[in-house]
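Participant: Next up is a structure, given as structure tokens.
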Amino acid sequence: MGYDDVISHMGEFGRYQRRIYFTLCLPAICCAFHKMGGVFLAAKTDFRCMLPNENPENATFYLSPDIINMRYPWDNKTESWSRCERYDNTEFADQGGNVSRQLTVVECDSFVYDKSQYALTATTEWNLVCNKGWLRAIGDSIFMVGVMLGSMIFGGLSDRYGRRAAFFSALITQLIGGILVTVSPEYVSYMISRMIVGSTTSGVFLVAYVIALEMVGPKKRLAAGMGCQLFFTSGYILTAGLAYFFTNWRTLQVVFTIPSIVFLAYWWFIPESARWLLTKGRVEDAKDLLQNASLKNGVSLTRDTLDSLINSESDTSKQDIEKASMFDLLRYPNLRKKSLLLFFTWFVNSCTYYGLSWNTSNLGGNEFVNFGIAASVEVPAYLFLLFTLDKWGRKVILCGCMLIAGIALLLTVLVPAGMPWLVVVCAMSGKLAITSSYGAVYVVAAEQFPTALRNIGLGACSFSARIGGIIAPYINHLAEVWAPLPLVIFGSCSFLAGLLSLYLPETLNAKLPESIQDGEHFGKKKTRSPQGVEKLKDIEVMKALTLPSKIVINEKQNTLY
């Protein structure tokens with residue numbers, strides 16, 4: 001009997017596990033605030049150049065058409081009055097002292113913003129528009145660099161010092177980072193502080209996710225995993241509501257940060273992971289924890305039963321894991337093909353998911369409504385996975401969802417002008433499909449890699465995903481060149497990744513690979529060598545001579561794949 005069998009014996013999702021699970025899922029809401037809230041913290045509003053005779057304290061955005069016509073040049077790219085340039089009357093004096101005026105076009109150095117939706121954002125406070133607009137993409141990209149660093153730093157802390165220590169370290173850092181964002185005096189410190197907060201979203205959410213799932217029985221883990229994601233989605237939806245009511249970005253950041261203070265109270269009742277205690281040789285501590293949990297579930301778990309937790313792995317498995325390295329993923333042809341396909345699939349899923357989540361302001365219509373829809377479609381996406389992933393298979397879900405996402409996003413190019421609602425429908429259909437795909441790819445990757453390479457493979461996939469998240473803001477910034485361009489890029493990549501995923505083997509109800517050799521053979525087409533064919537002829541002769549005992553031996557030894 002192993003660890004999972006003991007969890008099943010004490011109750012796969014008993015009273016104790018439910019309490020720990022729901023408690024640990026709540027910080028996912030706060031992580032969604034920080035991860036998705038950047039859309040509103042640095043929201044871009046409508047703006048124009050400030051005129052020389054205007055007072056910055058009381059200048060209003062709206063001007064009469066006559067003044068706009070006289071003071072701003074026409075921009076052929078946007079087919080509207082320029083927002084980054086204005087006319088300036090320059091005086092010239094000739095040698096005779098006669099003064100003449102000449103109308104010239106100059107770049108703006110100060111701006112007036114439309115404050116009907118946002119009182120103050122990072123963009124309006126530091127003028128991140130026109131030739132500084134790319135700095136907003138830099139800020140989002142650096143945030144995702146923080147997410148990548150956090151997954152490595154807090155993941156390492158979690159394995160070395162325990163899930164509990166890593167969780168509270170990330171939580172305290174998130175609280176400090178959130179305060180630093182709020183008081184940032186200029187944009188560079190804002191970006192650095194946001195990067196710190198980004199690193200903690202990995203630490204808080206992923207570590208809490210691991211603690212919760214390690215206490216749940218194997219039959220309940222898929223539902224529990226989707227439940228964690230739905231808590232994140234609920235925070236995603238709440239972000240739009242909070243941004244609607246708190247229109248000053250500093251106040252909004254304070255609202256995002258306050259819950260971290262409440263979660264510090266978890267220190268007194270969130271336990272360490274029993275599975276981690278076992279891996280560190282703290283067997284007695286693990287037994288005490290599990291026995292206490294079983295009592296709260298109303299189940300009697302004897303010490304003899306707990307002794308069965310000490311279930312040593314075979315020497316071969318240990319040697320495989322010790323010898324395994326990143327190079328083993330690329331050393332063998334079949335493993336290399338599957339690994340590269342998974343790396344690309346994770347990259348595309350992450351890039352498209354975050355790109356669509358952060359691109360709602362470029363779709364037209366109400367930004368808050370678009371953002372709310374983009375968040376809400378994740379609920380049916382995860383419910384779809386919950387009811388189909390174990391019935392239809394991993395491959396058909398992954399491939400089908402990415403193909404649907406690609407087609408839906410590419411269709412936005414065909415939408416006639418003046419129908420922004422149809423663009424939103426296509427983009428949100430793509431968001432729903434890519435969310436399902438992103439949820440499925442975790443399961444697919446975990447089952448494709450052999451046990452000896454699973455942690456290394458998933459780590460490499462996660463790194464690929466973070467690269468996709470880092471690039472996504474720059475793709476969104478291409479909307480300044482052509483509004484549909486980001487959706488075209490995301491759609492093309494999703495469609496291509498969907499086609500390539502057809503080369504991955506199905507893993508539903510399959511015996512999963514354990515050793516590196518198993519991983520290399522897993523999913524290979526079975527072909528017989530010429531020598532095997534000749535030897536099979538000998539088997540047929542032996543069958544004719546009615547030697548059944550030898551037939552079995554020879555069939556096992558001579559059938560070559």
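Ordered as shown in the structure tokens, chains take letters A, B, and onward, while each chain numbers its residues from 1 and ligands are numbered from 1 in the order shown.
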Taking 4 positions as the minimum chain separation for residues in the same chain, which residues sit within 12 Å of Gly155 of chain A when counting only C-alpha atoms? Answer as a VMD selection string.
Facilitator: chain A and resid 147 to 151 159 to 167 169 to 170 199 to 210 455 459 462
Participant: Dump N, CA, C and O atoms for the selected residues as a short mmCIF file (atom, residue, chain, number, x, y, z; two decimals), in the first residue's frame?
Facilitator:
```cif
data_model
loop_
_atom_site.label_atom_id
_atom_site.label_comp_id
_atom_site.auth_asym_id
_atom_site.auth_seq_id
_atom_site.Cartn_x
_atom_site.Cartn_y
_atom_site.Cartn_z
N VAL A 147 7.10 36.27 -13.01
CA VAL A 147 6.37 35.00 -12.88
C VAL A 147 7.30 33.82 -13.14
O VAL A 147 7.28 32.81 -12.42
N MET A 148 8.13 33.95 -14.17
CA MET A 148 9.07 32.88 -14.51
C MET A 148 10.09 32.68 -13.38
O MET A 148 10.36 31.55 -12.97
N LEU A 149 10.67 33.77 -12.88
CA LEU A 149 11.64 33.67 -11.80
C LEU A 149 11.00 33.10 -10.53
O LEU A 149 11.61 32.30 -9.82
N GLY A 150 9.76 33.51 -10.27
CA GLY A 150 9.07 33.03 -9.08
C GLY A 150 8.83 31.54 -9.10
O GLY A 150 8.95 30.87 -8.07
N SER A 151 8.48 31.01 -10.28
CA SER A 151 8.24 29.57 -10.37
C SER A 151 9.52 28.79 -10.07
O SER A 151 9.47 27.70 -9.48
N ASP A 159 10.56 22.60 -2.57
CA ASP A 159 11.15 21.26 -2.52
C ASP A 159 12.19 21.12 -1.41
O ASP A 159 12.34 20.05 -0.83
N ARG A 160 12.87 22.21 -1.10
CA ARG A 160 13.96 22.12 -0.14
C ARG A 160 13.51 22.36 1.30
O ARG A 160 13.91 21.63 2.21
N TYR A 161 12.70 23.41 1.51
CA TYR A 161 12.33 23.79 2.87
C TYR A 161 10.88 23.48 3.23
O TYR A 161 10.46 23.73 4.36
N GLY A 162 10.13 23.00 2.26
CA GLY A 162 8.75 22.63 2.55
C GLY A 162 7.75 23.54 1.87
O GLY A 162 8.03 24.70 1.59
N ARG A 163 6.55 22.98 1.60
CA ARG A 163 5.50 23.75 0.93
C ARG A 163 5.05 24.93 1.80
O ARG A 163 4.80 26.02 1.30
N ARG A 164 4.93 24.69 3.07
CA ARG A 164 4.42 25.71 3.98
C ARG A 164 5.35 26.91 4.04
O ARG A 164 4.91 28.07 3.97
N ALA A 165 6.65 26.67 4.18
CA ALA A 165 7.62 27.76 4.25
C ALA A 165 7.63 28.57 2.96
O ALA A 165 7.68 29.81 2.99
N ALA A 166 7.56 27.87 1.81
CA ALA A 166 7.55 28.56 0.52
C ALA A 166 6.29 29.40 0.36
O ALA A 166 6.33 30.53 -0.15
N PHE A 167 5.15 28.86 0.80
CA PHE A 167 3.88 29.56 0.67
C PHE A 167 3.90 30.89 1.44
O PHE A 167 3.54 31.95 0.91
N SER A 169 6.52 32.53 2.59
CA SER A 169 7.56 33.42 2.06
C SER A 169 7.02 34.20 0.87
O SER A 169 7.22 35.42 0.76
N ALA A 170 6.31 33.50 -0.01
CA ALA A 170 5.72 34.16 -1.18
C ALA A 170 4.63 35.14 -0.77
O ALA A 170 4.51 36.23 -1.34
N SER A 199 6.46 37.48 -9.35
CA SER A 199 7.15 36.28 -8.87
C SER A 199 6.36 35.59 -7.76
O SER A 199 6.37 34.36 -7.65
N THR A 200 5.65 36.37 -6.96
CA THR A 200 4.91 35.77 -5.84
C THR A 200 3.63 35.09 -6.29
O THR A 200 3.11 34.21 -5.59
N THR A 201 3.07 35.48 -7.45
CA THR A 201 1.86 34.80 -7.92
C THR A 201 2.16 33.33 -8.19
O THR A 201 1.30 32.47 -7.96
N SER A 202 3.37 33.03 -8.66
CA SER A 202 3.78 31.63 -8.84
C SER A 202 3.92 30.95 -7.49
O SER A 202 3.45 29.82 -7.29
N GLY A 203 4.57 31.63 -6.54
CA GLY A 203 4.81 31.04 -5.24
C GLY A 203 3.53 30.78 -4.47
O GLY A 203 3.31 29.67 -3.96
N VAL A 204 2.64 31.76 -4.42
CA VAL A 204 1.41 31.61 -3.64
C VAL A 204 0.46 30.61 -4.29
O VAL A 204 0.01 29.66 -3.65
N PHE A 205 0.18 30.80 -5.57
CA PHE A 205 -0.82 29.95 -6.23
C PHE A 205 -0.33 28.52 -6.41
O PHE A 205 -1.02 27.56 -6.04
N LEU A 206 0.86 28.35 -6.99
CA LEU A 206 1.32 27.00 -7.30
C LEU A 206 1.61 26.19 -6.05
O LEU A 206 1.29 24.99 -5.99
N VAL A 207 2.21 26.81 -5.03
CA VAL A 207 2.50 26.06 -3.81
C VAL A 207 1.21 25.68 -3.09
O VAL A 207 1.06 24.56 -2.61
N ALA A 208 0.25 26.62 -3.02
CA ALA A 208 -1.04 26.30 -2.41
C ALA A 208 -1.74 25.19 -3.20
O ALA A 208 -2.36 24.29 -2.62
N TYR A 209 -1.63 25.24 -4.51
CA TYR A 209 -2.22 24.23 -5.39
C TYR A 209 -1.62 22.85 -5.08
O TYR A 209 -2.34 21.85 -4.98
N VAL A 210 -0.31 22.80 -4.91
CA VAL A 210 0.37 21.52 -4.63
C VAL A 210 -0.05 20.97 -3.27
O VAL A 210 -0.35 19.79 -3.13
N ASN A 455 9.57 15.54 -13.86
CA ASN A 455 9.82 16.86 -13.26
C ASN A 455 10.64 17.75 -14.19
O ASN A 455 10.36 18.94 -14.36
N GLY A 459 9.20 21.07 -16.01
CA GLY A 459 9.92 22.33 -15.77
C GLY A 459 10.29 23.01 -17.07
O GLY A 459 10.16 24.23 -17.20
N SER A 462 7.13 24.45 -18.58
CA SER A 462 6.75 25.67 -17.87
C SER A 462 7.62 26.85 -18.29
O SER A 462 7.13 27.97 -18.45
#
```
Participant: DSSP on the backbone, then: every residue of segment 69-257 of chain A marked strand (DSSP E), written as a PDB file with C-alpha atoms, in the first residue's frame.
Facilitator:
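Wrote it out as result_14.pdb, contents follow:
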```pdb
ATOM      1  CA  TRP A  74      -4.682  65.076 -39.699  1.00  0.00           C
ATOM      2  CA  ASP A  75      -3.162  61.616 -39.173  1.00  0.00           C
ATOM      3  CA  SER A  80      -8.367  60.985 -37.385  1.00  0.00           C
ATOM      4  CA  TRP A  81      -6.842  64.107 -35.855  1.00  0.00           C
ATOM      5  CA  GLU A  85       1.383  66.170 -32.715  1.00  0.00           C
ATOM      6  CA  ARG A  86      -0.034  69.685 -32.813  1.00  0.00           C
ATOM      7  CA  TYR A  87       0.389  72.903 -34.787  1.00  0.00           C
ATOM      8  CA  ASP A  88       2.674  75.570 -33.388  1.00  0.00           C
ATOM      9  CA  ASN A  89       2.889  79.172 -34.463  1.00  0.00           C
ATOM     10  CA  THR A  90       6.587  79.981 -34.869  1.00  0.00           C
ATOM     11  CA  GLU A  91       7.691  83.592 -35.236  1.00  0.00           C
ATOM     12  CA  PHE A  92      10.461  84.554 -37.693  1.00  0.00           C
ATOM     13  CA  ALA A  93      12.145  87.958 -38.026  1.00  0.00           C
ATOM     14  CA  VAL A  99       8.074  89.527 -37.867  1.00  0.00           C
ATOM     15  CA  SER A 100       6.166  86.765 -39.634  1.00  0.00           C
ATOM     16  CA  ARG A 101       4.403  83.676 -38.327  1.00  0.00           C
ATOM     17  CA  GLN A 102       4.696  80.181 -39.762  1.00  0.00           C
ATOM     18  CA  LEU A 103       2.560  77.175 -38.837  1.00  0.00           C
ATOM     19  CA  THR A 104       4.744  74.138 -37.988  1.00  0.00           C
ATOM     20  CA  VAL A 105       3.977  70.649 -36.680  1.00  0.00           C
ATOM     21  CA  VAL A 106       5.634  69.740 -33.368  1.00  0.00           C
ATOM     22  CA  GLU A 107       5.581  66.654 -31.170  1.00  0.00           C
ATOM     23  CA  PHE A 111      -1.221  65.521 -22.790  1.00  0.00           C
ATOM     24  CA  VAL A 112      -4.823  65.832 -21.692  1.00  0.00           C
ATOM     25  CA  TYR A 113      -6.638  62.547 -20.927  1.00  0.00           C
TER      26      TYR A 113
END
```
Participant: So that I can check the surroundings of Ala137 of chain A, please list as a ChimeraX atom specification every protein, DNA and RNA residue that reaches within 6 Å of it, counting only C-alpha atoms and ignoring chain neighbours fewer than 3 positions away.
Facilitator: /A:134,140,473-474
Participant: For Lys524 of chain A, find every residue with an atom within 10 Å (counting only C-alpha atoms), except residues of its own chain fewer than 6 positions away, and show them as a count of residues only.
Facilitator: 5
Participant: Measuring between only C-alpha atoms, which one of A:Phe61, A:Phe463, A:Tyr236, A:Phe371 shows the shortest distance to His34 of chain A?
Facilitator: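 Smallest distance to His34 of chain A is found for A:Tyr236.
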Participant: Need the shell around Glu480 of chain A: protein/DNA/RNA residues with any atom at most 10 Å away, counting only C-alpha atoms. Skip same-chain ones fewer than 4 positions apart. Format as a list of chain:residue names?
Facilitator: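 Those residues are A:Lys77, A:Thr78, A:Cys130, A:Gly133, A:Trp134, A:Asn362, A:Asn476, A:Pro484, A:Leu485, A:Pro486.
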Participant: Grab the residues selected above and save them as an mmCIF file, in the first residue's frame with all heavy atoms.
Facilitator:
```cif
data_model
loop_
_atom_site.group_PDB
_atom_site.id
_atom_site.type_symbol
_atom_site.label_atom_id
_atom_site.label_comp_id
_atom_site.auth_asym_id
_atom_site.auth_seq_id
_atom_site.Cartn_x
_atom_site.Cartn_y
_atom_site.Cartn_z
ATOM 1 N N LYS A 77 -2.713 57.662 -40.937
ATOM 2 C CA LYS A 77 -2.672 56.276 -40.463
ATOM 3 C C LYS A 77 -3.939 55.914 -39.693
ATOM 4 O O LYS A 77 -4.569 54.879 -39.929
ATOM 5 C CB LYS A 77 -1.454 56.046 -39.571
ATOM 6 C CG LYS A 77 -0.159 55.810 -40.324
ATOM 7 C CD LYS A 77 0.939 55.439 -39.343
ATOM 8 C CE LYS A 77 2.239 55.158 -40.095
ATOM 9 N NZ LYS A 77 3.328 54.783 -39.139
ATOM 10 N N THR A 78 -4.286 56.756 -38.759
ATOM 11 C CA THR A 78 -5.453 56.481 -37.915
ATOM 12 C C THR A 78 -6.736 57.060 -38.498
ATOM 13 O O THR A 78 -7.830 56.793 -37.986
ATOM 14 C CB THR A 78 -5.242 57.064 -36.502
ATOM 15 O OG1 THR A 78 -5.067 58.482 -36.603
ATOM 16 C CG2 THR A 78 -4.024 56.447 -35.845
ATOM 17 N N CYS A 130 2.069 57.592 -27.256
ATOM 18 C CA CYS A 130 2.858 58.016 -28.433
ATOM 19 C C CYS A 130 4.208 57.294 -28.461
ATOM 20 O O CYS A 130 4.238 56.068 -28.405
ATOM 21 C CB CYS A 130 2.999 59.531 -28.437
ATOM 22 S SG CYS A 130 1.399 60.376 -28.601
ATOM 23 N N GLY A 133 4.682 54.651 -25.757
ATOM 24 C CA GLY A 133 3.676 53.608 -25.619
ATOM 25 C C GLY A 133 4.261 52.221 -25.440
ATOM 26 O O GLY A 133 3.676 51.369 -24.762
ATOM 27 N N TRP A 134 5.435 51.992 -26.018
ATOM 28 C CA TRP A 134 6.063 50.670 -25.915
ATOM 29 C C TRP A 134 6.460 50.329 -24.482
ATOM 30 O O TRP A 134 6.639 49.154 -24.141
ATOM 31 C CB TRP A 134 7.301 50.620 -26.822
ATOM 32 C CG TRP A 134 8.334 51.659 -26.489
ATOM 33 C CD1 TRP A 134 8.362 52.945 -26.927
ATOM 34 C CD2 TRP A 134 9.472 51.509 -25.641
ATOM 35 N NE1 TRP A 134 9.445 53.612 -26.412
ATOM 36 C CE2 TRP A 134 10.150 52.748 -25.620
ATOM 37 C CE3 TRP A 134 9.998 50.458 -24.903
ATOM 38 C CZ2 TRP A 134 11.311 52.953 -24.889
ATOM 39 C CZ3 TRP A 134 11.160 50.654 -24.175
ATOM 40 C CH2 TRP A 134 11.803 51.896 -24.163
ATOM 41 N N ASN A 362 -8.352 46.491 -26.933
ATOM 42 C CA ASN A 362 -8.181 46.717 -28.376
ATOM 43 C C ASN A 362 -9.313 46.117 -29.205
ATOM 44 O O ASN A 362 -9.274 46.181 -30.434
ATOM 45 C CB ASN A 362 -6.854 46.116 -28.852
ATOM 46 C CG ASN A 362 -5.652 46.840 -28.287
ATOM 47 O OD1 ASN A 362 -5.678 48.052 -28.104
ATOM 48 N ND2 ASN A 362 -4.594 46.103 -27.992
ATOM 49 N N ASN A 476 0.670 42.191 -28.528
ATOM 50 C CA ASN A 476 -0.489 43.072 -28.336
ATOM 51 C C ASN A 476 -0.175 44.509 -28.753
ATOM 52 O O ASN A 476 -1.057 45.223 -29.251
ATOM 53 C CB ASN A 476 -0.928 43.056 -26.868
ATOM 54 C CG ASN A 476 -1.749 41.817 -26.528
ATOM 55 O OD1 ASN A 476 -2.297 41.159 -27.408
ATOM 56 N ND2 ASN A 476 -1.827 41.498 -25.248
ATOM 57 N N PRO A 484 -6.207 44.316 -35.889
ATOM 58 C CA PRO A 484 -6.418 42.856 -35.829
ATOM 59 C C PRO A 484 -5.120 42.033 -35.792
ATOM 60 O O PRO A 484 -5.191 40.803 -35.637
ATOM 61 C CB PRO A 484 -7.196 42.557 -37.121
ATOM 62 C CG PRO A 484 -7.607 43.865 -37.677
ATOM 63 C CD PRO A 484 -6.604 44.856 -37.194
ATOM 64 N N LEU A 485 -3.948 42.673 -35.951
ATOM 65 C CA LEU A 485 -2.710 41.906 -36.092
ATOM 66 C C LEU A 485 -2.429 40.969 -34.924
ATOM 67 O O LEU A 485 -2.047 39.807 -35.152
ATOM 68 C CB LEU A 485 -1.530 42.863 -36.312
ATOM 69 C CG LEU A 485 -0.178 42.211 -36.631
ATOM 70 C CD1 LEU A 485 -0.283 41.276 -37.823
ATOM 71 C CD2 LEU A 485 0.887 43.283 -36.891
ATOM 72 N N PRO A 486 -2.594 41.384 -33.661
ATOM 73 C CA PRO A 486 -2.345 40.428 -32.568
ATOM 74 C C PRO A 486 -3.221 39.183 -32.656
ATOM 75 O O PRO A 486 -2.747 38.062 -32.432
ATOM 76 C CB PRO A 486 -2.675 41.250 -31.309
ATOM 77 C CG PRO A 486 -2.467 42.663 -31.706
ATOM 78 C CD PRO A 486 -2.895 42.732 -33.135
#
```
Participant: Calculate how many Å separate atom CA of Pro513 of chain A from atom CA of Leu157 of chain A, rounding to one decimal.
Facilitator: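 These atoms are spaced 28.2 Å apart.
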